[in-house]
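**Q** File structure15.txt follows (compact mmCIF, C-alpha atoms and all ligand atoms):
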```
# COMPACT_ATOMS: atom_id res chain seq x y z
CA MET A 13 -1.94 18.26 20.49
CA SER A 14 -5.43 16.89 20.56
CA PHE A 15 -6.60 14.44 17.98
CA SER A 16 -10.31 13.77 18.02
CA LEU A 17 -11.76 11.23 15.60
CA GLU A 18 -15.18 12.88 15.93
CA ASN A 19 -13.77 16.04 14.34
CA ILE A 20 -12.44 14.09 11.37
CA ILE A 21 -15.44 11.96 10.34
CA ARG A 22 -17.68 13.37 7.59
CA GLU A 23 -21.08 14.46 8.87
CA ASN A 24 -23.03 12.15 6.55
CA VAL A 25 -20.92 9.18 7.62
CA LYS A 26 -21.56 9.83 11.32
CA GLY A 27 -25.27 9.19 10.84
CA LEU A 28 -24.95 6.23 8.48
CA LYS A 29 -26.36 2.83 9.26
CA PRO A 30 -24.54 0.18 7.21
CA TYR A 31 -26.42 -2.20 4.93
CA SER A 32 -27.09 -5.40 6.84
CA SER A 33 -26.74 -8.42 4.58
CA ALA A 34 -28.18 -11.90 5.07
CA ARG A 35 -24.73 -13.15 6.01
CA ASP A 36 -24.43 -10.42 8.64
CA GLU A 37 -27.71 -11.26 10.31
CA TYR A 38 -27.24 -14.96 10.73
CA VAL A 39 -23.73 -16.12 11.56
CA SER A 40 -23.15 -19.86 11.21
CA ASP A 41 -21.81 -21.64 14.29
CA GLY A 42 -20.71 -24.58 12.18
CA SER A 43 -23.82 -26.72 12.68
CA GLU A 44 -25.71 -28.05 9.66
CA MET A 45 -28.25 -25.40 8.71
CA VAL A 46 -30.47 -24.93 5.69
CA PHE A 47 -29.62 -21.53 4.21
CA LEU A 48 -32.67 -20.01 2.55
CA ASP A 49 -31.92 -16.40 3.50
CA ALA A 50 -29.87 -14.90 0.67
CA ASN A 51 -31.58 -15.93 -2.58
CA GLU A 52 -28.55 -17.92 -3.61
CA ASN A 53 -28.61 -20.87 -6.02
CA PRO A 54 -28.54 -23.84 -3.60
CA PHE A 55 -26.56 -26.22 -5.84
CA GLU A 56 -22.94 -26.45 -4.66
CA ASN A 57 -20.15 -25.39 -7.03
CA GLY A 58 -17.72 -23.88 -4.54
CA VAL A 59 -18.80 -20.28 -5.00
CA ASN A 60 -22.61 -20.39 -5.03
CA ARG A 61 -22.77 -18.82 -1.54
CA TYR A 62 -22.03 -15.20 -0.64
CA PRO A 63 -18.64 -14.78 1.06
CA ASP A 64 -18.29 -13.77 4.71
CA PRO A 65 -18.81 -9.96 4.67
CA GLN A 66 -16.65 -9.60 7.80
CA GLN A 67 -13.89 -11.95 6.51
CA ARG A 68 -13.58 -13.45 10.00
CA SER A 69 -11.26 -16.41 9.22
CA LEU A 70 -8.91 -14.24 7.21
CA LYS A 71 -8.81 -11.43 9.76
CA THR A 72 -8.23 -13.90 12.60
CA VAL A 73 -5.04 -15.14 10.92
CA LEU A 74 -3.97 -11.60 9.99
CA ALA A 75 -4.56 -10.38 13.55
CA GLU A 76 -2.38 -13.14 14.93
CA GLN A 77 0.43 -12.51 12.45
CA LYS A 78 0.36 -8.72 12.79
CA GLY A 79 0.04 -8.74 16.58
CA VAL A 80 -3.25 -6.81 16.70
CA GLU A 81 -6.90 -7.67 17.31
CA VAL A 82 -9.47 -8.52 14.64
CA GLU A 83 -11.20 -5.21 15.39
CA ASN A 84 -8.04 -3.34 14.36
CA ILE A 85 -8.24 -4.71 10.81
CA LEU A 86 -10.18 -3.89 7.67
CA VAL A 87 -9.50 -5.73 4.41
CA GLY A 88 -10.39 -4.49 0.95
CA ASN A 89 -10.20 -5.19 -2.77
CA GLY A 90 -6.53 -4.16 -2.91
CA SER A 91 -4.97 -1.19 -1.10
CA ASP A 92 -6.67 0.96 -3.68
CA GLU A 93 -10.10 0.22 -2.18
CA VAL A 94 -8.79 0.70 1.35
CA LEU A 95 -7.35 4.11 0.42
CA ASP A 96 -10.57 5.11 -1.33
CA LEU A 97 -12.58 4.22 1.78
CA LEU A 98 -10.35 6.57 3.80
CA PHE A 99 -11.24 9.45 1.48
CA ARG A 100 -14.93 8.65 1.60
CA ALA A 101 -15.03 8.35 5.38
CA PHE A 102 -13.01 11.41 6.31
CA CYS A 103 -12.71 13.92 3.45
CA GLU A 104 -15.59 16.23 2.56
CA PRO A 105 -15.64 16.74 -1.25
CA LYS A 106 -14.78 20.29 -2.41
CA GLU A 107 -13.92 21.33 1.16
CA ASP A 108 -11.16 19.18 2.59
CA SER A 109 -7.63 18.47 1.46
CA ILE A 110 -4.88 15.91 1.84
CA ILE A 111 -1.10 16.24 1.79
CA THR A 112 1.09 13.96 -0.33
CA LEU A 113 4.86 13.89 -0.64
CA PRO A 114 6.02 13.51 -4.25
CA PRO A 115 7.78 11.68 -5.75
CA THR A 116 5.45 8.99 -4.47
CA TYR A 117 2.77 6.47 -5.32
CA GLY A 118 0.35 7.96 -7.85
CA MET A 119 -2.89 6.58 -6.45
CA TYR A 120 -3.23 9.10 -3.59
CA LYS A 121 -3.49 11.93 -6.10
CA VAL A 122 -5.85 10.01 -8.40
CA LEU A 123 -8.14 9.13 -5.50
CA ALA A 124 -8.09 12.74 -4.32
CA GLY A 125 -9.21 13.78 -7.81
CA ILE A 126 -11.99 11.20 -7.95
CA ASN A 127 -13.27 12.27 -4.55
CA ALA A 128 -13.00 16.01 -5.32
CA ILE A 129 -10.43 16.56 -2.58
CA GLU A 130 -7.59 19.03 -2.98
CA ASN A 131 -4.17 17.38 -3.09
CA GLN A 132 -1.50 19.57 -1.51
CA GLU A 133 1.94 18.46 -2.52
CA VAL A 134 5.10 18.93 -0.48
CA LEU A 135 8.18 17.62 -2.27
CA LEU A 136 10.56 15.29 -0.49
CA THR A 137 13.99 16.70 0.28
CA LYS A 138 16.90 15.92 -2.07
CA ASP A 139 17.71 12.77 -0.10
CA PHE A 140 14.05 11.71 -0.47
CA GLN A 141 12.99 12.38 3.14
CA PRO A 142 9.83 14.21 4.28
CA ASP A 143 10.32 17.96 4.70
CA THR A 144 8.66 18.09 8.10
CA ALA A 145 8.67 21.86 8.53
CA LYS A 146 7.11 22.49 5.11
CA ILE A 147 4.54 19.73 5.62
CA LEU A 148 3.37 21.16 8.93
CA GLU A 149 3.30 24.66 7.42
CA LYS A 150 0.91 23.44 4.72
CA VAL A 151 -1.59 22.04 7.22
CA ASN A 152 -4.79 24.06 7.56
CA GLY A 153 -8.26 23.48 9.00
CA GLY A 154 -9.33 21.39 6.04
CA THR A 155 -6.33 19.08 5.96
CA LYS A 156 -7.66 15.64 6.89
CA ILE A 157 -4.98 13.13 5.87
CA ILE A 158 -1.22 13.10 5.29
CA PHE A 159 -0.11 10.18 3.10
CA ILE A 160 3.32 8.77 3.88
CA CYS A 161 4.68 5.93 1.78
CA SER A 162 7.53 4.15 3.55
CA PRO A 163 9.40 2.40 2.03
CA ASN A 164 8.56 4.93 -0.67
CA ASN A 165 7.61 4.11 -4.25
CA PRO A 166 9.41 4.97 -6.58
CA THR A 167 12.47 6.02 -4.57
CA GLY A 168 12.72 2.80 -2.53
CA ASN A 169 13.96 4.28 0.74
CA SER A 170 12.30 4.22 4.16
CA PHE A 171 11.58 7.53 5.87
CA SER A 172 13.29 8.67 9.06
CA GLU A 173 11.45 7.51 12.16
CA THR A 174 12.04 10.82 13.90
CA LYS A 175 10.42 12.75 11.06
CA ILE A 176 7.38 10.48 10.97
CA VAL A 177 6.95 10.72 14.75
CA GLN A 178 7.15 14.50 14.47
CA ILE A 179 4.33 14.50 11.91
CA LEU A 180 2.22 12.07 13.95
CA ASN A 181 2.62 14.23 17.05
CA SER A 182 2.08 17.63 15.44
CA PHE A 183 -0.81 16.93 13.06
CA ASN A 184 -4.38 16.69 14.35
CA GLY A 185 -5.62 14.75 11.33
CA LEU A 186 -4.93 11.22 10.15
CA VAL A 187 -1.51 9.99 9.10
CA VAL A 188 -1.60 7.07 6.68
CA ILE A 189 1.62 5.09 6.40
CA ASP A 190 1.53 2.96 3.27
CA GLU A 191 3.66 -0.10 3.97
CA ALA A 192 3.19 -1.96 0.68
CA TYR A 193 6.93 -2.82 0.74
CA ILE A 194 7.46 -3.31 4.47
CA ASP A 195 8.24 -7.04 4.13
CA PHE A 196 11.40 -6.18 2.18
CA ALA A 197 12.57 -3.59 4.70
CA ALA A 198 14.95 -3.94 7.59
CA LYS A 199 12.81 -1.54 9.62
CA GLU A 200 9.95 -2.66 11.82
CA SER A 201 6.35 -1.99 10.79
CA TRP A 202 4.55 1.01 12.30
CA VAL A 203 1.79 -1.40 13.35
CA SER A 204 3.69 -1.84 16.63
CA ARG A 205 3.21 1.89 17.34
CA LEU A 206 -0.58 2.01 16.93
CA ARG A 207 -1.12 2.36 20.67
CA ASP A 208 1.12 5.43 20.80
CA PHE A 209 -0.67 7.33 18.03
CA PRO A 210 -4.49 7.39 17.80
CA ASN A 211 -4.23 9.16 14.41
CA LEU A 212 -2.03 6.47 12.80
CA ILE A 213 -3.34 4.25 10.02
CA VAL A 214 -1.11 1.60 8.45
CA THR A 215 -1.91 0.01 5.10
CA GLN A 216 -0.34 -3.17 3.77
CA THR A 217 -1.06 -5.50 0.86
CA LEU A 218 -0.63 -9.07 -0.34
CA SER A 219 0.35 -7.72 -3.78
CA LYS A 220 4.11 -7.46 -3.31
CA ALA A 221 6.07 -9.73 -0.93
CA TYR A 222 3.19 -12.20 -0.64
CA GLY A 223 3.04 -12.64 -4.41
CA MET A 224 -0.74 -12.25 -4.67
CA ALA A 225 -1.27 -9.13 -6.81
CA GLY A 226 -3.89 -11.04 -8.81
CA ILE A 227 -6.30 -11.69 -5.96
CA ARG A 228 -6.50 -8.03 -4.81
CA LEU A 229 -6.16 -7.97 -1.06
CA GLY A 230 -5.36 -4.76 0.80
CA ILE A 231 -5.09 -4.47 4.56
CA CYS A 232 -5.79 -1.50 6.82
CA ILE A 233 -4.66 -1.58 10.44
CA ALA A 234 -5.72 1.18 12.84
CA SER A 235 -7.51 1.88 16.10
CA LYS A 236 -10.81 0.03 16.62
CA GLU A 237 -12.63 3.36 16.38
CA ILE A 238 -11.19 4.17 12.96
CA ILE A 239 -11.85 0.64 11.68
CA ALA A 240 -15.46 0.83 12.93
CA VAL A 241 -16.01 3.96 10.80
CA LEU A 242 -14.58 2.26 7.71
CA ASN A 243 -16.71 -0.83 8.34
CA LYS A 244 -19.81 1.36 8.19
CA ILE A 245 -19.10 2.45 4.61
CA LYS A 246 -17.43 -0.56 3.00
CA PRO A 247 -19.48 -2.50 0.45
CA PRO A 248 -20.77 -5.64 2.23
CA TYR A 249 -19.01 -8.21 0.03
CA ASN A 250 -15.91 -6.18 -0.92
CA VAL A 251 -13.54 -9.16 -0.65
CA ASN A 252 -14.70 -12.10 -2.73
CA GLY A 253 -14.69 -15.72 -1.60
CA LEU A 254 -11.87 -16.90 -3.87
CA THR A 255 -9.64 -14.10 -2.63
CA GLN A 256 -10.35 -14.94 1.01
CA LEU A 257 -9.54 -18.60 0.34
CA LYS A 258 -6.30 -17.89 -1.58
CA ALA A 259 -5.15 -15.32 0.98
CA LEU A 260 -5.65 -17.79 3.84
CA GLU A 261 -3.66 -20.43 1.95
CA ARG A 262 -0.80 -18.06 1.34
CA LEU A 263 -0.74 -16.67 4.88
CA SER A 264 -0.30 -20.20 6.19
CA ALA A 265 2.64 -20.79 3.81
CA THR A 266 4.94 -18.55 5.85
CA THR A 267 8.11 -20.54 5.05
CA THR A 268 7.58 -20.17 1.30
CA VAL A 269 6.90 -16.44 1.56
CA THR A 270 9.97 -15.90 3.78
CA GLN A 271 12.11 -17.89 1.38
CA GLU A 272 10.92 -15.92 -1.62
CA VAL A 273 11.57 -12.62 0.16
CA THR A 274 15.08 -13.77 1.14
CA ASN A 275 15.66 -14.76 -2.46
CA ILE A 276 14.44 -11.40 -3.77
CA LEU A 277 16.67 -9.54 -1.28
CA ALA A 278 19.74 -11.52 -2.43
CA GLU A 279 18.85 -10.78 -6.06
CA ARG A 280 18.38 -7.13 -5.17
CA ASN A 281 21.98 -6.99 -3.95
CA THR A 282 23.23 -8.66 -7.12
CA LEU A 283 21.28 -6.18 -9.22
CA ILE A 284 22.57 -3.18 -7.24
CA GLN A 285 26.17 -4.36 -7.67
CA ALA A 286 25.65 -4.90 -11.40
CA LEU A 287 23.99 -1.52 -11.88
CA ARG A 288 26.93 0.20 -10.16
CA GLU A 289 29.22 -1.23 -12.83
CA VAL A 290 27.16 0.07 -15.74
CA SER A 291 28.84 3.19 -17.11
CA PHE A 292 25.62 5.02 -18.03
CA VAL A 293 24.30 4.59 -14.49
CA LYS A 294 25.23 7.67 -12.47
CA LYS A 295 23.72 6.66 -9.17
CA VAL A 296 21.93 3.72 -7.59
CA TYR A 297 19.62 4.87 -4.80
CA PRO A 298 19.43 2.96 -1.51
CA THR A 299 16.36 0.74 -1.36
CA ASP A 300 14.28 -1.03 1.26
CA ALA A 301 11.86 -2.41 -1.33
CA ASN A 302 11.79 -5.04 -4.10
CA PHE A 303 12.87 -2.51 -6.71
CA VAL A 304 15.83 -0.27 -7.38
CA LEU A 305 15.79 3.32 -8.62
CA ALA A 306 18.77 4.36 -10.73
CA TRP A 307 19.82 7.72 -12.14
CA VAL A 308 21.10 7.35 -15.70
CA ASP A 309 22.50 9.54 -18.47
CA ASP A 310 19.42 9.41 -20.71
CA ALA A 311 16.38 7.58 -19.32
CA ASP A 312 14.34 7.60 -22.55
CA LYS A 313 17.21 6.16 -24.58
CA ARG A 314 18.04 3.46 -22.04
CA TYR A 315 14.36 2.58 -21.53
CA ASN A 316 13.91 2.02 -25.26
CA GLN A 317 17.11 -0.01 -25.54
CA LEU A 318 15.85 -2.39 -22.88
CA LEU A 319 12.38 -2.50 -24.39
CA ASN A 320 13.82 -3.45 -27.79
CA ARG A 321 15.53 -6.36 -26.09
CA GLY A 322 12.33 -7.54 -24.43
CA ILE A 323 12.73 -6.04 -20.96
CA VAL A 324 10.07 -3.73 -19.56
CA ILE A 325 11.08 -1.41 -16.73
CA ARG A 326 9.58 1.86 -15.49
CA ASN A 327 10.83 5.26 -16.59
CA ARG A 328 10.14 7.59 -13.66
CA SER A 329 11.52 10.74 -15.28
CA THR A 330 8.20 12.60 -15.21
CA GLN A 331 8.12 12.49 -11.40
CA PRO A 332 9.58 15.50 -9.56
CA LEU A 333 13.21 14.99 -8.38
CA CYS A 334 13.34 11.89 -10.60
CA GLU A 335 14.56 13.25 -13.92
CA ASN A 336 16.44 10.56 -15.86
CA THR A 337 15.62 7.79 -13.43
CA LEU A 338 14.61 4.22 -14.14
CA ARG A 339 12.93 1.85 -11.74
CA PHE A 340 13.86 -1.83 -11.90
CA THR A 341 11.69 -4.45 -10.16
CA VAL A 342 13.75 -7.37 -8.87
CA GLY A 343 12.81 -10.46 -10.88
CA THR A 344 13.77 -14.14 -10.69
CA PRO A 345 17.50 -15.01 -10.80
CA GLU A 346 17.09 -15.89 -14.52
CA GLU A 347 15.31 -12.63 -15.30
CA ASN A 348 17.92 -10.59 -13.45
CA LYS A 349 20.72 -12.41 -15.23
CA LYS A 350 19.15 -11.48 -18.54
CA LEU A 351 18.65 -7.88 -17.39
CA ILE A 352 22.29 -7.57 -16.34
CA GLU A 353 23.52 -9.01 -19.66
CA VAL A 354 21.34 -6.61 -21.61
CA LEU A 355 22.50 -3.65 -19.48
CA LYS A 356 26.12 -4.51 -20.25
CA ASP A 357 25.20 -4.73 -23.93
CA CYS A 358 23.53 -1.30 -23.89
CA ASN A 359 26.64 0.09 -22.29
CA ASP A 360 28.53 -0.24 -25.55
CA GLU A 361 25.97 1.53 -27.67
C1 LIG B 401 1.96 -1.62 -5.22
C2 LIG B 401 1.56 -0.63 -4.21
C3 LIG B 401 0.38 -0.79 -3.47
C4 LIG B 401 -0.46 -1.99 -3.69
O1 LIG B 401 -1.72 -1.74 -4.11
P1 LIG B 401 -2.75 -2.94 -4.20
O2 LIG B 401 -3.98 -2.24 -4.61
O3 LIG B 401 -2.86 -3.54 -2.83
O4 LIG B 401 -2.23 -3.92 -5.20
C5 LIG B 401 0.06 0.14 -2.50
N1 LIG B 401 0.87 1.18 -2.26
C6 LIG B 401 2.02 1.35 -2.93
C7 LIG B 401 2.90 2.47 -2.58
C8 LIG B 401 2.38 0.45 -3.93
O5 LIG B 401 3.53 0.66 -4.60
```
Please lay out the structure from this file as structure tokens.
**A**
Amino acid sequence: MSFSLENIIRENVKGLKPYSSARDEYVSDGSEMVFLDANENPFENGVNRYPDPQQRSLKTVLAEQKGVEVENILVGNGSDEVLDLLFRAFCEPKEDSIITLPPTYGMYKVLAGINAIENQEVLLTKDFQPDTAKILEKVNGGTKIIFICSPNNPTGNSFSETKIVQILNSFNGLVVIDEAYIDFAAKESWVSRLRDFPNLIVTQTLSKAYGMAGIRLGICIASKEIIAVLNKIKPPYNVNGLTQLKALERLSATTTVTQEVTNILAERNTLIQALREVSFVKKVYPTDANFVLAWVDDADKRYNQLLNRGIVIRNRSTQPLCENTLRFTVGTPEENKKLIEVLKDCNDE
């Protein structure tokens, strides 16, 4: 196989020169300077200055923790922005296509629609694994990206390593592995395999295990060449100053994050056990994430029962292969206790 990044980049992006902001042109070396270059209000209030457009401090810490170099990282306003940048860099509107593997995260399809890119869907197998043969059959000249979500939302399981390697090796376009839930998984991140696969892109987020959904920070890790393309098209100040500050704080609180994840994993086990004892639950699917998918007798009925008792979960029944399934996010021990009590209550109705 021969993957060539040049063949994947959109023509208009190849020729682009990125906007050069004031904060790009002069980089502070820490000495006291008078900044009169960006038309900012000079009176200090904590956010009167533009943030670092290259997010150097943040990316330095991320690089160290992820075992890559700063040039392998792009950060964005949530994974959603990172994913959108991938479409805009590599997919020609009304010409190119992507492949997604439903049931999966809904944003890939939405972003394809927004960017006028055809979304070719190849259902997962019955045990929620990629159907490698069918995926590779679907690939044509215009297929630019295959989106793989592992651990997968909403099913919760991780995909077989062999199958992913097969796709990476046989497809000449980009393979995006969305690892939003990787910190809850027993499996290692695909970041460690970047050197083996020039077409691999890994996305992660601070929204789940790191408990920072409110600040919007998405992470893209890939070859330096791929990241350089994305850097050309990203808005200069796409990650605001408060987000950079909060993210840095949280990334240095590794013990707290690890403890919370451990806690969530223990609660996940408790929830799985409890769900197995509920008579209207027909099956609890294996999960590597901070949620559990369960197959029930009547998803609409059970969803409404819980809602009436003040508990909001996700009914995933409209997704293919997910008829009569409910998705439960693992909450605090108190929240889970309440959920389990309510489930037992519903059992009798
Ligand atoms: C929650 C989630 C994300 C996170 O998106 P953000 O924009 O970073 O909050 C990404 N991918 C999947 C599959 C998710 O479930």
**Q** Quick one: which chain A residues come within 8 Å of ligand LIG 401 (chain B), and what is the nearest atom pair for each with the distance in Å to one decimal, counting only C-alpha atoms and all ligand atoms, rows ordered by chain and ascending number, as JSON lines?
**A**
```
{"residue": "A:Asn89", "atom": "CA", "partner": "B:LIG401", "partner_atom": "O2", "distance": 7.1}
{"residue": "A:Gly90", "atom": "CA", "partner": "B:LIG401", "partner_atom": "O2", "distance": 3.6}
{"residue": "A:Ser91", "atom": "CA", "partner": "B:LIG401", "partner_atom": "O3", "distance": 3.6}
{"residue": "A:Asp92", "atom": "CA", "partner": "B:LIG401", "partner_atom": "O2", "distance": 4.3}
{"residue": "A:Glu93", "atom": "CA", "partner": "B:LIG401", "partner_atom": "O2", "distance": 7.0}
{"residue": "A:Thr116", "atom": "CA", "partner": "B:LIG401", "partner_atom": "C7", "distance": 7.3}
{"residue": "A:Tyr117", "atom": "CA", "partner": "B:LIG401", "partner_atom": "C7", "distance": 4.9}
{"residue": "A:Met119", "atom": "CA", "partner": "B:LIG401", "partner_atom": "N1", "distance": 7.8}
{"residue": "A:Cys161", "atom": "CA", "partner": "B:LIG401", "partner_atom": "C7", "distance": 5.8}
{"residue": "A:Ser162", "atom": "CA", "partner": "B:LIG401", "partner_atom": "C7", "distance": 7.9}
{"residue": "A:Pro163", "atom": "CA", "partner": "B:LIG401", "partner_atom": "C7", "distance": 8.0}
{"residue": "A:Asn164", "atom": "CA", "partner": "B:LIG401", "partner_atom": "C7", "distance": 6.5}
{"residue": "A:Asn165", "atom": "CA", "partner": "B:LIG401", "partner_atom": "C7", "distance": 5.3}
{"residue": "A:Pro166", "atom": "CA", "partner": "B:LIG401", "partner_atom": "O5", "distance": 7.6}
{"residue": "A:Asp190", "atom": "CA", "partner": "B:LIG401", "partner_atom": "N1", "distance": 5.8}
{"residue": "A:Glu191", "atom": "CA", "partner": "B:LIG401", "partner_atom": "N1", "distance": 6.9}
{"residue": "A:Ala192", "atom": "CA", "partner": "B:LIG401", "partner_atom": "N1", "distance": 4.9}
{"residue": "A:Tyr193", "atom": "CA", "partner": "B:LIG401", "partner_atom": "O5", "distance": 7.2}
{"residue": "A:Thr215", "atom": "CA", "partner": "B:LIG401", "partner_atom": "C5", "distance": 7.9}
{"residue": "A:Gln216", "atom": "CA", "partner": "B:LIG401", "partner_atom": "O3", "distance": 7.1}
{"residue": "A:Thr217", "atom": "CA", "partner": "B:LIG401", "partner_atom": "O3", "distance": 4.5}
{"residue": "A:Leu218", "atom": "CA", "partner": "B:LIG401", "partner_atom": "O3", "distance": 6.5}
{"residue": "A:Ser219", "atom": "CA", "partner": "B:LIG401", "partner_atom": "O4", "distance": 4.8}
{"residue": "A:Lys220", "atom": "CA", "partner": "B:LIG401", "partner_atom": "C1", "distance": 6.5}
{"residue": "A:Ala225", "atom": "CA", "partner": "B:LIG401", "partner_atom": "O4", "distance": 5.5}
{"residue": "A:Arg228", "atom": "CA", "partner": "B:LIG401", "partner_atom": "O4", "distance": 5.9}
{"residue": "A:Leu229", "atom": "CA", "partner": "B:LIG401", "partner_atom": "O3", "distance": 5.8}
{"residue": "A:Gly230", "atom": "CA", "partner": "B:LIG401", "partner_atom": "O3", "distance": 4.6}
{"residue": "A:Ile231", "atom": "CA", "partner": "B:LIG401", "partner_atom": "O3", "distance": 7.8}
```
**Q** Could you tell me which of A:Thr255, A:Asn327, A:Ser14, A:Thr299 comes closest to Phe209 of chain A if we count all atoms listed in the file?
**A**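 Nearest to Phe209 of chain A: A:Ser14.
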**Q** Let me make sure I understand: among A:Val134, A:Val308, A:Val82, A:Val273, which one has the smallest atom-to-atom distance to Leu355 of chain A if we use all atoms listed in the file?
**A**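 The shortest atom-to-atom distance to Leu355 of chain A comes from A:Val308.
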**Q** Please determine, counting all atoms listed in the file, which residue among A:Lys246, A:Glu353, A:Pro115, A:Thr155 has the shortest atom-to-atom distance to Asp139 of chain A.
**A**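 Closest to Asp139 of chain A, using all atoms listed in the file: A:Pro115.
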**Q** Restricting the calculation to only C-alpha atoms: of A:Val203, A:Ile126, A:Ile176, A:Ile352, which residue gets closest to Glu289 of chain A?
**A** A:Ile352
